[in-house]
>>> print(open('model.cif').read())   # mmCIF, C-alpha atoms
data_coords
#
loop_
_atom_site.label_atom_id
_atom_site.label_comp_id
_atom_site.auth_asym_id
_atom_site.auth_seq_id
_atom_site.Cartn_x
_atom_site.Cartn_y
_atom_site.Cartn_z
CA MET A 1408 0.00 0.00 0.00
CA ALA A 1409 3.05 2.16 -0.20
CA VAL A 1410 2.49 3.52 -3.68
CA LYS A 1411 1.13 7.07 -3.81
CA SER A 1412 -1.58 7.59 -6.39
CA ASN A 1413 -1.14 9.87 -9.35
CA LEU A 1414 -2.93 9.88 -12.66
CA THR A 1415 -0.16 8.13 -14.57
CA ASN A 1416 0.30 5.16 -12.28
CA MET A 1417 -3.44 4.72 -11.70
CA VAL A 1418 -4.18 4.55 -15.42
CA LEU A 1419 -1.15 2.38 -16.02
CA VAL A 1420 -1.86 -0.19 -13.29
CA LEU A 1421 -5.61 -0.46 -13.86
CA GLY A 1422 -5.10 -0.56 -17.62
CA THR A 1423 -2.44 -3.25 -17.46
CA THR A 1424 -4.50 -5.33 -15.02
CA CYS A 1425 -7.53 -5.21 -17.30
CA LEU A 1426 -5.43 -6.02 -20.36
CA VAL A 1427 -3.72 -9.02 -18.75
CA CYS A 1428 -7.00 -10.29 -17.30
CA SER A 1429 -8.91 -10.02 -20.58
CA ALA A 1430 -6.07 -11.74 -22.45
CA LEU A 1431 -6.14 -14.53 -19.88
CA LEU A 1432 -9.90 -14.92 -20.19
CA GLY A 1433 -9.77 -14.82 -23.98
CA GLY A 1434 -7.29 -17.68 -23.91
CA ALA A 1435 -9.33 -19.64 -21.37
CA TYR A 1436 -12.46 -19.15 -23.45
CA ALA A 1437 -10.77 -20.48 -26.57
CA LEU A 1438 -9.48 -23.49 -24.64
CA THR A 1439 -12.74 -24.37 -22.93
CA LYS A 1440 -15.12 -23.57 -25.79
CA ASP A 1441 -14.95 -27.04 -27.32
CA PRO A 1442 -15.45 -28.96 -24.06
CA ILE A 1443 -18.36 -26.65 -23.14
CA ASP A 1444 -20.07 -27.18 -26.49
CA LYS A 1445 -19.41 -30.89 -26.22
CA ALA A 1446 -20.90 -31.06 -22.74
CA ALA A 1447 -24.00 -29.18 -23.90
CA ALA A 1448 -24.42 -31.39 -26.97
CA GLU A 1449 -23.95 -34.51 -24.88
CA LYS A 1450 -26.65 -33.35 -22.52
CA THR A 1451 -29.08 -32.74 -25.38
CA ASN A 1452 -28.29 -36.11 -26.95
CA ARG A 1453 -28.78 -37.84 -23.63
CA ALA A 1454 -32.15 -36.11 -23.24
CA ILE A 1455 -33.22 -37.16 -26.75
CA ALA A 1456 -32.14 -40.75 -26.16
CA GLN A 1457 -34.07 -40.76 -22.91
CA VAL A 1458 -37.36 -39.57 -24.37
CA LEU A 1459 -37.46 -41.53 -27.64
CA PRO A 1460 -37.21 -45.16 -28.72
CA ALA A 1461 -33.95 -46.29 -30.35
CA PHE A 1462 -32.94 -44.23 -33.37
CA SER A 1463 -29.88 -43.83 -35.55
CA GLU A 1464 -29.98 -40.20 -36.64
CA THR A 1465 -31.50 -36.90 -35.62
CA ALA A 1466 -32.20 -33.73 -37.57
CA TYR A 1467 -32.60 -30.38 -35.83
CA LYS A 1468 -35.63 -28.42 -37.02
CA SER A 1469 -38.12 -25.88 -35.78
CA VAL A 1470 -41.83 -25.34 -36.18
CA SER A 1471 -44.16 -22.41 -35.50
CA VAL A 1472 -47.47 -22.84 -33.71
CA GLY A 1473 -49.36 -19.58 -33.44
CA ASP A 1474 -46.76 -17.05 -32.37
CA LYS A 1475 -44.50 -19.57 -30.66
CA THR A 1476 -41.60 -21.38 -32.25
CA TYR A 1477 -40.54 -24.82 -31.07
CA ASN A 1478 -37.21 -26.42 -31.76
CA TYR A 1479 -37.32 -30.15 -32.18
CA TYR A 1480 -35.25 -33.12 -33.18
CA GLU A 1481 -36.65 -35.51 -35.74
CA ALA A 1482 -35.28 -38.95 -34.95
CA THR A 1483 -35.08 -41.49 -37.73
CA GLU A 1484 -34.16 -45.15 -37.95
CA GLY A 1485 -33.39 -46.05 -41.54
CA ALA A 1486 -36.08 -44.37 -43.64
CA SER A 1487 -38.83 -44.17 -41.03
CA VAL A 1488 -39.36 -41.51 -38.38
CA VAL A 1489 -39.40 -43.05 -34.90
CA GLY A 1490 -40.38 -39.88 -33.10
CA TYR A 1491 -39.87 -36.21 -32.35
CA ALA A 1492 -38.06 -34.78 -29.36
CA ILE A 1493 -39.64 -31.38 -28.87
CA GLU A 1494 -38.22 -28.65 -26.63
CA SER A 1495 -40.99 -26.93 -24.76
CA THR A 1496 -40.72 -24.06 -22.27
CA THR A 1497 -43.32 -22.82 -19.80
CA VAL A 1498 -43.17 -20.65 -16.71
CA GLY A 1499 -43.08 -22.67 -13.50
CA PHE A 1500 -43.02 -21.49 -9.91
CA GLY A 1501 -39.47 -20.16 -9.87
CA GLY A 1502 -38.84 -19.30 -13.51
CA ASN A 1503 -38.70 -21.02 -16.86
CA LEU A 1504 -39.23 -24.75 -16.99
CA THR A 1505 -37.84 -26.34 -20.15
CA LEU A 1506 -38.69 -29.92 -21.07
CA MET A 1507 -37.72 -32.30 -23.80
CA VAL A 1508 -40.88 -34.14 -24.79
CA GLY A 1509 -40.59 -37.26 -26.91
CA VAL A 1510 -43.61 -37.94 -29.11
CA THR A 1511 -43.95 -41.01 -31.32
CA PRO A 1512 -45.60 -40.63 -34.76
CA ASP A 1513 -48.93 -41.95 -33.40
CA GLY A 1514 -49.19 -38.94 -31.09
CA VAL A 1515 -48.37 -40.74 -27.85
CA VAL A 1516 -45.88 -39.23 -25.40
CA CYS A 1517 -42.95 -41.60 -25.27
CA ASN A 1518 -41.21 -39.99 -22.32
CA THR A 1519 -40.24 -36.58 -20.96
CA SER A 1520 -37.07 -35.12 -19.53
CA VAL A 1521 -36.27 -31.84 -17.79
CA LEU A 1522 -33.70 -29.73 -19.63
CA SER A 1523 -33.62 -26.84 -17.19
CA GLN A 1524 -35.65 -25.71 -14.22
CA SER A 1525 -35.43 -23.28 -11.34
CA GLU A 1526 -38.14 -24.66 -9.08
CA THR A 1527 -37.95 -24.74 -5.28
CA PRO A 1528 -35.45 -27.34 -4.04
CA GLY A 1529 -37.24 -30.17 -2.24
CA LEU A 1530 -40.61 -29.19 -3.71
CA GLY A 1531 -41.02 -28.35 -7.39
CA ALA A 1532 -37.47 -29.37 -8.20
CA LYS A 1533 -38.64 -32.94 -7.62
CA CYS A 1534 -40.20 -32.85 -11.11
CA ASN A 1535 -36.71 -33.98 -12.09
CA THR A 1536 -36.39 -36.85 -9.61
CA ASP A 1537 -39.83 -37.94 -8.35
CA GLU A 1538 -40.21 -41.42 -9.85
CA LYS A 1539 -43.96 -41.57 -9.53
CA PHE A 1540 -44.42 -38.22 -11.24
CA MET A 1541 -41.95 -38.98 -14.01
CA ALA A 1542 -43.17 -42.51 -14.69
CA GLN A 1543 -46.69 -41.39 -15.56
CA TRP A 1544 -45.44 -39.62 -18.69
CA LYS A 1545 -44.11 -42.82 -20.18
CA GLY A 1546 -46.60 -43.76 -22.86
CA PHE A 1547 -49.07 -41.02 -21.91
CA ASP A 1548 -51.80 -41.21 -24.56
CA PRO A 1549 -53.58 -37.85 -24.91
CA SER A 1550 -56.48 -39.49 -26.80
CA SER A 1551 -57.53 -41.57 -23.76
CA LYS A 1552 -56.30 -39.43 -20.85
CA ILE A 1553 -57.00 -35.82 -19.99
CA LEU A 1554 -53.85 -33.73 -19.98
CA SER A 1555 -54.24 -31.66 -16.83
CA VAL A 1556 -53.56 -32.23 -13.15
CA LYS A 1557 -56.12 -34.13 -11.03
CA LYS A 1558 -57.00 -30.97 -9.10
CA ASP A 1559 -58.19 -29.44 -12.39
CA GLY A 1560 -60.13 -32.57 -13.36
CA GLY A 1561 -57.42 -34.24 -15.43
CA ASP A 1562 -55.44 -37.47 -15.21
CA VAL A 1563 -52.02 -36.17 -14.19
CA ASP A 1564 -50.82 -36.94 -10.65
CA ALA A 1565 -49.29 -33.74 -9.33
CA ILE A 1566 -46.15 -33.68 -7.18
CA THR A 1567 -47.17 -33.30 -3.53
CA ALA A 1568 -47.28 -29.62 -2.53
CA SER A 1569 -46.11 -28.51 -5.99
CA THR A 1570 -49.27 -27.99 -7.99
CA ILE A 1571 -47.91 -24.95 -9.81
CA THR A 1572 -44.84 -26.83 -11.03
CA SER A 1573 -46.98 -29.82 -12.01
CA ARG A 1574 -49.32 -27.52 -13.93
CA ALA A 1575 -46.40 -25.92 -15.75
CA TYR A 1576 -45.00 -29.36 -16.57
CA THR A 1577 -48.37 -30.48 -17.92
CA GLU A 1578 -48.70 -27.27 -19.90
CA ALA A 1579 -45.27 -27.84 -21.45
CA VAL A 1580 -46.26 -31.35 -22.53
CA LYS A 1581 -49.53 -30.02 -23.92
CA ASN A 1582 -47.68 -27.36 -25.93
CA ALA A 1583 -45.27 -29.98 -27.24
CA LEU A 1584 -48.21 -32.07 -28.41
CA GLU A 1585 -49.66 -29.03 -30.19
CA ALA A 1586 -46.31 -28.59 -31.91
CA PHE A 1587 -46.35 -32.27 -32.81
CA LYS A 1588 -49.77 -31.91 -34.46
CA THR A 1589 -48.41 -29.09 -36.61
CA ILE A 1590 -45.34 -31.13 -37.50
CA ASN A 1591 -47.48 -34.15 -38.33
CA ASN A 1592 -49.78 -32.13 -40.59
CA GLY A 1593 -46.75 -31.01 -42.51
CA GLY A 1594 -46.98 -27.55 -40.95
CA GLN A 1595 -44.57 -24.81 -41.79
CA SER A 1596 -41.44 -26.49 -40.59
CA ASN A 1597 -38.28 -24.66 -41.41
CA GLU A 1598 -34.85 -26.22 -41.45
CA MET B 1072 6.48 -23.76 8.26
CA SER B 1073 4.58 -23.88 11.54
CA ASN B 1074 3.62 -20.30 10.88
CA LYS B 1075 1.93 -21.35 7.64
CA LEU B 1076 0.17 -24.27 9.26
CA LYS B 1077 -1.11 -21.87 11.89
CA LEU B 1078 -2.52 -19.64 9.13
CA ILE B 1079 -4.46 -22.57 7.71
CA GLY B 1080 -5.67 -23.58 11.17
CA ASP B 1081 -6.79 -20.03 11.92
CA GLY B 1082 -8.91 -19.96 8.77
CA LEU B 1083 -10.55 -23.22 9.81
CA VAL B 1084 -11.32 -22.33 13.40
CA LYS B 1085 -10.44 -18.92 14.81
CA ASN B 1086 -11.35 -17.00 11.65
CA ASN B 1087 -13.93 -19.46 10.37
CA PRO B 1088 -15.77 -17.32 7.81
CA THR B 1089 -19.20 -18.86 8.39
CA PHE B 1090 -19.45 -19.56 12.10
CA VAL B 1091 -17.20 -16.84 13.51
CA LEU B 1092 -16.88 -13.98 11.02
CA LEU B 1093 -20.38 -14.47 9.57
CA LEU B 1094 -19.20 -13.58 6.08
CA GLY B 1095 -20.62 -14.85 2.81
CA MET B 1096 -24.05 -15.54 4.24
CA CYS B 1097 -25.84 -15.37 0.88
CA PRO B 1098 -24.27 -18.48 -0.71
CA THR B 1099 -24.14 -20.14 2.71
CA LEU B 1100 -27.88 -20.01 3.20
CA ALA B 1101 -28.90 -20.49 -0.41
CA THR B 1102 -26.73 -23.34 -1.66
CA THR B 1103 -26.63 -25.66 1.35
CA THR B 1104 -29.76 -27.63 0.50
CA SER B 1105 -27.62 -30.77 0.41
CA ALA B 1106 -24.14 -31.78 1.54
CA ILE B 1107 -22.87 -32.15 -2.03
CA ASN B 1108 -24.10 -28.68 -3.00
CA GLY B 1109 -22.50 -27.14 0.08
CA LEU B 1110 -19.24 -28.94 -0.61
CA SER B 1111 -19.13 -27.83 -4.25
CA MET B 1112 -19.90 -24.22 -3.40
CA GLY B 1113 -17.17 -24.32 -0.76
CA LEU B 1114 -14.61 -25.77 -3.16
CA ALA B 1115 -15.52 -23.24 -5.85
CA THR B 1116 -14.94 -20.40 -3.38
CA LEU B 1117 -11.71 -22.05 -2.16
CA PHE B 1118 -10.37 -22.11 -5.73
CA VAL B 1119 -11.06 -18.40 -6.25
CA LEU B 1120 -9.84 -17.47 -2.79
CA VAL B 1121 -6.43 -19.15 -3.09
CA LEU B 1122 -5.72 -17.83 -6.59
CA SER B 1123 -6.96 -14.30 -5.98
CA ASN B 1124 -5.07 -14.10 -2.68
CA MET B 1125 -1.87 -15.14 -4.44
CA ALA B 1126 -2.33 -12.80 -7.40
CA ILE B 1127 -3.28 -9.85 -5.22
CA SER B 1128 -0.38 -10.32 -2.82
CA ALA B 1129 1.95 -10.41 -5.84
CA ILE B 1130 0.70 -7.19 -7.41
CA ALA B 1131 -0.19 -5.27 -4.23
CA PRO B 1132 3.18 -3.46 -3.91
CA VAL B 1133 2.72 -1.67 -7.25
CA VAL B 1134 -1.00 -0.91 -7.02
CA PRO B 1135 -1.75 2.76 -6.24
CA ASP B 1136 -3.93 3.28 -3.20
CA LYS B 1137 -6.83 5.00 -4.94
CA VAL B 1138 -7.47 2.26 -7.50
CA HIS B 1139 -6.75 -0.79 -5.35
CA ILE B 1140 -10.39 -1.88 -5.01
CA PRO B 1141 -11.11 -1.81 -8.78
CA VAL B 1142 -7.86 -3.67 -9.48
CA TYR B 1143 -8.69 -6.36 -6.89
CA ILE B 1144 -12.21 -6.76 -8.23
CA VAL B 1145 -10.91 -7.19 -11.79
CA VAL B 1146 -8.49 -9.87 -10.57
CA ILE B 1147 -11.18 -11.69 -8.56
CA ALA B 1148 -13.69 -11.47 -11.42
CA THR B 1149 -11.12 -12.97 -13.77
CA PHE B 1150 -10.65 -16.03 -11.58
CA VAL B 1151 -14.40 -16.42 -11.11
CA THR B 1152 -14.99 -16.32 -14.85
CA LEU B 1153 -12.18 -18.82 -15.32
CA LEU B 1154 -13.88 -21.07 -12.79
CA GLN B 1155 -17.18 -20.64 -14.63
CA PHE B 1156 -15.63 -21.78 -17.92
CA LEU B 1157 -14.01 -24.78 -16.26
CA MET B 1158 -17.17 -25.84 -14.44
CA GLN B 1159 -19.30 -25.44 -17.55
CA ALA B 1160 -16.87 -27.58 -19.49
CA TYR B 1161 -16.10 -30.35 -17.02
CA THR B 1162 -18.85 -30.39 -14.37
CA PRO B 1163 -21.92 -29.09 -16.23
CA ALA B 1164 -24.42 -30.70 -13.83
CA MET B 1165 -22.83 -29.00 -10.82
CA TYR B 1166 -22.67 -25.72 -12.71
CA GLU B 1167 -26.41 -25.89 -13.28
CA THR B 1168 -27.18 -26.67 -9.66
CA LEU B 1169 -25.14 -23.81 -8.25
CA GLY B 1170 -26.16 -21.57 -11.14
CA LEU B 1171 -26.19 -17.90 -10.21
CA PHE B 1172 -24.06 -18.39 -7.11
CA ILE B 1173 -20.89 -19.04 -9.09
CA PRO B 1174 -20.73 -15.58 -10.72
CA LEU B 1175 -21.78 -14.11 -7.38
CA ILE B 1176 -18.49 -15.28 -5.84
CA VAL B 1177 -17.09 -12.03 -7.27
CA VAL B 1178 -19.00 -10.04 -4.68
CA ASN B 1179 -18.54 -12.60 -1.90
CA CYS B 1180 -17.21 -10.53 0.96
CA ILE B 1181 -14.87 -13.33 2.09
CA VAL B 1182 -12.79 -13.02 -1.07
CA LEU B 1183 -12.44 -9.25 -1.09
CA GLY B 1184 -12.21 -9.32 2.70
CA ARG B 1185 -9.15 -11.58 2.67
CA ALA B 1186 -7.59 -9.51 -0.12
CA GLU B 1187 -8.00 -6.34 1.92
CA ALA B 1188 -7.27 -7.72 5.36
CA PHE B 1189 -4.47 -10.12 4.56
CA ALA B 1190 -3.19 -10.57 1.02
CA ASN B 1191 -2.12 -6.98 0.36
CA LYS B 1192 0.13 -6.97 3.43
CA HIS B 1193 1.71 -10.42 3.14
CA GLY B 1194 3.80 -12.54 0.79
CA VAL B 1195 2.48 -14.82 -1.94
CA LEU B 1196 3.02 -18.07 -0.06
CA GLU B 1197 1.50 -16.83 3.19
CA SER B 1198 -1.48 -15.43 1.30
CA ALA B 1199 -1.97 -18.76 -0.43
CA CYS B 1200 -2.01 -20.48 2.98
CA ASP B 1201 -4.46 -17.93 4.32
CA GLY B 1202 -6.71 -18.46 1.28
CA LEU B 1203 -6.47 -22.20 1.73
CA GLY B 1204 -7.32 -21.99 5.43
CA VAL B 1205 -10.27 -19.65 5.06
CA GLY B 1206 -11.44 -21.55 1.97
CA LEU B 1207 -11.29 -24.86 3.83
CA GLY B 1208 -13.11 -23.27 6.76
CA PHE B 1209 -15.84 -22.12 4.39
CA THR B 1210 -15.98 -25.51 2.65
CA CYS B 1211 -16.24 -27.48 5.91
CA SER B 1212 -18.90 -25.15 7.32
CA LEU B 1213 -20.99 -25.35 4.16
CA THR B 1214 -20.65 -29.12 3.97
CA VAL B 1215 -21.70 -29.58 7.60
CA LEU B 1216 -24.61 -27.17 7.21
CA GLY B 1217 -25.63 -28.90 3.99
CA LEU B 1218 -25.35 -32.31 5.61
CA VAL B 1219 -27.52 -31.35 8.59
CA ARG B 1220 -30.15 -29.80 6.33
CA GLU B 1221 -30.09 -32.78 3.99
CA ILE B 1222 -30.48 -35.30 6.82
CA LEU B 1223 -33.36 -33.39 8.40
CA GLY B 1224 -34.95 -32.15 5.20
CA SER B 1225 -34.64 -35.04 2.76
CA GLY B 1226 -33.64 -37.97 4.95
CA SER B 1227 -30.44 -38.56 3.02
CA ALA B 1228 -26.74 -37.86 3.35
CA PHE B 1229 -24.48 -37.03 0.37
CA GLY B 1230 -27.34 -38.11 -1.89
CA PHE B 1231 -27.64 -41.51 -0.19
CA ASN B 1232 -31.22 -41.90 1.00
CA PHE B 1233 -31.53 -43.85 4.25
CA ILE B 1234 -35.17 -43.46 5.23
CA GLY B 1235 -36.69 -44.60 1.95
CA GLY B 1236 -39.07 -42.24 0.24
CA ASN B 1237 -39.25 -38.48 0.32
CA ASP B 1238 -40.55 -37.89 3.81
CA GLY B 1239 -38.05 -35.41 5.25
CA MET B 1240 -38.95 -32.25 7.10
CA LEU B 1241 -39.34 -29.94 4.15
CA ALA B 1242 -38.84 -26.77 6.16
CA PHE B 1243 -35.14 -27.61 6.49
CA VAL B 1244 -34.63 -27.63 2.74
CA MET B 1245 -36.20 -24.20 2.49
CA ALA B 1246 -34.99 -20.83 3.75
CA PRO B 1247 -36.31 -20.95 7.36
CA GLY B 1248 -34.49 -24.24 7.95
CA ALA B 1249 -31.28 -22.68 6.65
CA PHE B 1250 -31.45 -19.93 9.26
CA LEU B 1251 -32.36 -22.34 12.07
CA CYS B 1252 -29.58 -24.81 11.27
CA LEU B 1253 -27.02 -22.05 10.84
CA GLY B 1254 -27.99 -20.56 14.21
CA TYR B 1255 -27.73 -23.82 16.12
CA LEU B 1256 -24.51 -24.87 14.40
CA MET B 1257 -23.03 -21.50 15.25
CA VAL B 1258 -23.91 -21.99 18.92
CA LEU B 1259 -22.35 -25.46 18.96
CA PHE B 1260 -19.26 -24.29 17.10
CA ASN B 1261 -18.62 -21.40 19.43
CA LYS B 1262 -19.25 -23.48 22.54
CA PHE B 1263 -17.15 -26.53 21.71
CA VAL B 1264 -14.68 -25.81 18.92
CA LYS B 1265 -13.65 -22.21 19.32
CA LYS B 1266 -13.13 -22.42 23.10
CA ASN B 1267 -10.31 -24.95 22.83
#
>>> encode(input="model.cif", output="structure tokens")
Amino acid sequence: MAVKSNLTNMVLVLGTTCLVCSALLGGAYALTKDPIDKAAAEKTNRAIAQVLPAFSETAYKSVSVGDKTYNYYEATEGASVVGYAIESTTVGFGGNLTLMVGVTPDGVVCNTSVLSQSETPGLGAKCNTDEKFMAQWKGFDPSSKILSVKKDGGDVDAITASTITSRAYTEAVKNALEAFKTINNGGQSNE
Amino acid sequence: MSNKLKLIGDGLVKNNPTFVLLLGMCPTLATTTSAINGLSMGLATLFVLVLSNMAISAIAPVVPDKVHIPVYIVVIATFVTLLQFLMQAYTPAMYETLGLFIPLIVVNCIVLGRAEAFANKHGVLESACDGLGVGLGFTCSLTVLGLVREILGSGSAFGFNFIGGNDGMLAFVMAPGAFLCLGYLMVLFNKFVKKN
């Protein structure tokens, strides 16, 4: 703390510090960019594999329903489409809730997976871990079951004490199914 | 050598940032919903603390008095961003869990506090030891707090569920439980550990 401040040394020291630090970060960014992208891609692929039956290739596309745009992955095995993994975002209790919803070509939900959530730990955050809640989405057929939580007269078992999160989750699945209908009718899908 | 060991010991007990100095309460209360989360938050802070303490003690002699806070903050922010890149790349799941609290390490008063109170008056090696001690103190406190809250709140320890099912006392996972646990742990720490 011995150095007395004057304009020259203040500008010099602060300037040099910022320069060195930004150079360091630039380098670190370049080095970690690939692993970060890889980790993100791996996560997406894992989510797709979890929500769809076995497939060999995926194609990334998007579709517009009303004023919303959904990104989805069309999974194919040989020449036939085995399903669509649709990304669907709704507002939960603590912020955005983003799901990956797998839909098979017959319009049945194959499975769902949480991509990101900011729900209350121990309550809504259980939408990611609660086995009973998650299992009910496997093979959920919207033509024979009502897609809303039991409290609202539907067939979805809500997570205990987390009705708002469960509603958001259900809403996200519903939106994904809407997107699926548009995809299936050859709606305006853009590469 | 013994001097350096003493510095580490001080950080763990006499200057324990959580139970004695009551610094860094925001991440302490918010991230300790489980032992693993507390441990990771502690280690993340430890990483920044050791590196920033070393860097700051090295440059302190040439930093003019009037700009020392901005210079320190730039240095700390650099290490935090570095940590963010590394976590995103190699521990993405942990990065998502801790989320906002990683960038917030920049304004964690422990880090700037150690820079101001210790690193700018001492050598690089001593500052590293001080950072290590205080960082370990923070890590241990957060892990213990997380463990207690996890046992009471979710009936599990380090993710290993021992009661079967999800029937913990929810209040302990949420904010009120954080305050309660912290208060009682602080009492116990000051009665039994700090005295000796």
>>> closest_atom_pairs(input="model.cif", of="chain B", to="chain A", cutoff="6 Å", atoms="all atoms listed in the file", output="tab-separated table")
residue	atom	partner	partner_atom	distance
B:Pro1135	CA	A:Ser1412	CA	4.8
B:Asp1136	CA	A:Ser1412	CA	5.9
B:Val1142	CA	A:Leu1421	CA	5.9
B:Gln1159	CA	A:Ile1443	CA	5.8
B:Ala1160	CA	A:Ile1443	CA	4.1
>>> resolve_selection(input="model.cif", expression="the PyMOL selection byres ((chain B and resi 1222-1227) around 9)", output="ChimeraX atom specification")
/A:1529 /B:1104-1106,1217-1221,1228-1245,1248
>>> closest_atom_pairs(input="model.cif", of="stretch 1442-1471 of chain A", to="stretch 1580-1584 of chain A", cutoff="12 Å", atoms="all atoms listed in the file", output="Markdown table")
| residue | atom | partner | partner_atom | distance |
| --- | --- | --- | --- | --- |
| A:Ser1469 | CA | A:Ala1583 | CA | 11.9 |
| A:Val1470 | CA | A:Ala1583 | CA | 10.6 |
| A:Ser1471 | CA | A:Ala1583 | CA | 11.3 |
>>> resolve_selection(input="model.cif", expression="the PyMOL selection byres ((chain B and resi 1210) around 12)", output="PDB file with C-alpha atoms, in the frame of the given file")
ATOM      1  CA  GLY B1082      -8.910 -19.960   8.770  1.00  0.00           C
ATOM      2  CA  LEU B1083     -10.550 -23.220   9.810  1.00  0.00           C
ATOM      3  CA  ASN B1087     -13.930 -19.460  10.370  1.00  0.00           C
ATOM      4  CA  PRO B1088     -15.770 -17.320   7.810  1.00  0.00           C
ATOM      5  CA  THR B1089     -19.200 -18.860   8.390  1.00  0.00           C
ATOM      6  CA  PHE B1090     -19.450 -19.560  12.100  1.00  0.00           C
ATOM      7  CA  GLY B1095     -20.620 -14.850   2.810  1.00  0.00           C
ATOM      8  CA  PRO B1098     -24.270 -18.480  -0.710  1.00  0.00           C
ATOM      9  CA  THR B1099     -24.140 -20.140   2.710  1.00  0.00           C
ATOM     10  CA  THR B1102     -26.730 -23.340  -1.660  1.00  0.00           C
ATOM     11  CA  THR B1103     -26.630 -25.660   1.350  1.00  0.00           C
ATOM     12  CA  ALA B1106     -24.140 -31.780   1.540  1.00  0.00           C
ATOM     13  CA  ILE B1107     -22.870 -32.150  -2.030  1.00  0.00           C
ATOM     14  CA  ASN B1108     -24.100 -28.680  -3.000  1.00  0.00           C
ATOM     15  CA  GLY B1109     -22.500 -27.140   0.080  1.00  0.00           C
ATOM     16  CA  LEU B1110     -19.240 -28.940  -0.610  1.00  0.00           C
ATOM     17  CA  SER B1111     -19.130 -27.830  -4.250  1.00  0.00           C
ATOM     18  CA  MET B1112     -19.900 -24.220  -3.400  1.00  0.00           C
ATOM     19  CA  GLY B1113     -17.170 -24.320  -0.760  1.00  0.00           C
ATOM     20  CA  LEU B1114     -14.610 -25.770  -3.160  1.00  0.00           C
ATOM     21  CA  ALA B1115     -15.520 -23.240  -5.850  1.00  0.00           C
ATOM     22  CA  THR B1116     -14.940 -20.400  -3.380  1.00  0.00           C
ATOM     23  CA  LEU B1117     -11.710 -22.050  -2.160  1.00  0.00           C
ATOM     24  CA  PHE B1118     -10.370 -22.110  -5.730  1.00  0.00           C
ATOM     25  CA  LEU B1120      -9.840 -17.470  -2.790  1.00  0.00           C
ATOM     26  CA  GLY B1202      -6.710 -18.460   1.280  1.00  0.00           C
ATOM     27  CA  LEU B1203      -6.470 -22.200   1.730  1.00  0.00           C
ATOM     28  CA  GLY B1204      -7.320 -21.990   5.430  1.00  0.00           C
ATOM     29  CA  VAL B1205     -10.270 -19.650   5.060  1.00  0.00           C
ATOM     30  CA  GLY B1206     -11.440 -21.550   1.970  1.00  0.00           C
ATOM     31  CA  LEU B1207     -11.290 -24.860   3.830  1.00  0.00           C
ATOM     32  CA  GLY B1208     -13.110 -23.270   6.760  1.00  0.00           C
ATOM     33  CA  PHE B1209     -15.840 -22.120   4.390  1.00  0.00           C
ATOM     34  CA  CYS B1211     -16.240 -27.480   5.910  1.00  0.00           C
ATOM     35  CA  SER B1212     -18.900 -25.150   7.320  1.00  0.00           C
ATOM     36  CA  LEU B1213     -20.990 -25.350   4.160  1.00  0.00           C
ATOM     37  CA  THR B1214     -20.650 -29.120   3.970  1.00  0.00           C
ATOM     38  CA  VAL B1215     -21.700 -29.580   7.600  1.00  0.00           C
ATOM     39  CA  LEU B1216     -24.610 -27.170   7.210  1.00  0.00           C
ATOM     40  CA  GLY B1217     -25.630 -28.900   3.990  1.00  0.00           C
ATOM     41  CA  LEU B1218     -25.350 -32.310   5.610  1.00  0.00           C
TER      42      LEU B1218
END
>>> residues_around(input="model.cif", residues="stretch 1568-1572 of chain A", least_positions_apart="5", cutoff="7 Å", atoms="all atoms listed in the file", output="ChimeraX atom specification")
/A:1499-1500,1530-1531
>>> closest_residue(input="model.cif", among="A:Thr1589, A:Ser1520, A:Thr1483, A:Ser1573", to="A:Thr1451", atoms="all atoms listed in the file")
A:Ser1520
>>> closest_residue(input="model.cif", among="B:Ala1188, B:Leu1256, B:Cys1180, B:Leu1251", to="B:Leu1094", atoms="all atoms listed in the file")
B:Cys1180
>>> resolve_selection(input="model.cif", expression="the PyMOL selection byres ((chain B and resi 1194) around 10)", output="MDAnalysis selection string")
chainID B and resid 1124:1125 1127:1129 1131 1189:1193 1195:1199
>>> residues_near_point(input="model.cif", point="(-48.5, -37.5, -35.6)", cutoff="7 Å", atoms="all atoms listed in the file", output="VMD selection string")
chain A and resid 1512 to 1514 1587 to 1588 1591
>>> atom_distance(input="model.cif", atom1="atom CA of B:Val1264", atom2="atom CA of B:Ile1079")
15.5 Å
>>> atom_distance(input="model.cif", atom1="atom CA of A:Gly1509", atom2="atom CA of A:Ala1454")
9.3 Å
>>> atom_distance(input="model.cif", atom1="atom CA of A:Gly1473", atom2="atom CA of A:Thr1511")
22.2 Å
>>> residues_around(input="model.cif", residues="A:Ala1579", least_positions_apart="5", cutoff="10 Å", atoms="all atoms listed in the file", output="ChimeraX atom specification")
/A:1493-1499,1504-1508,1573-1574,1584-1585
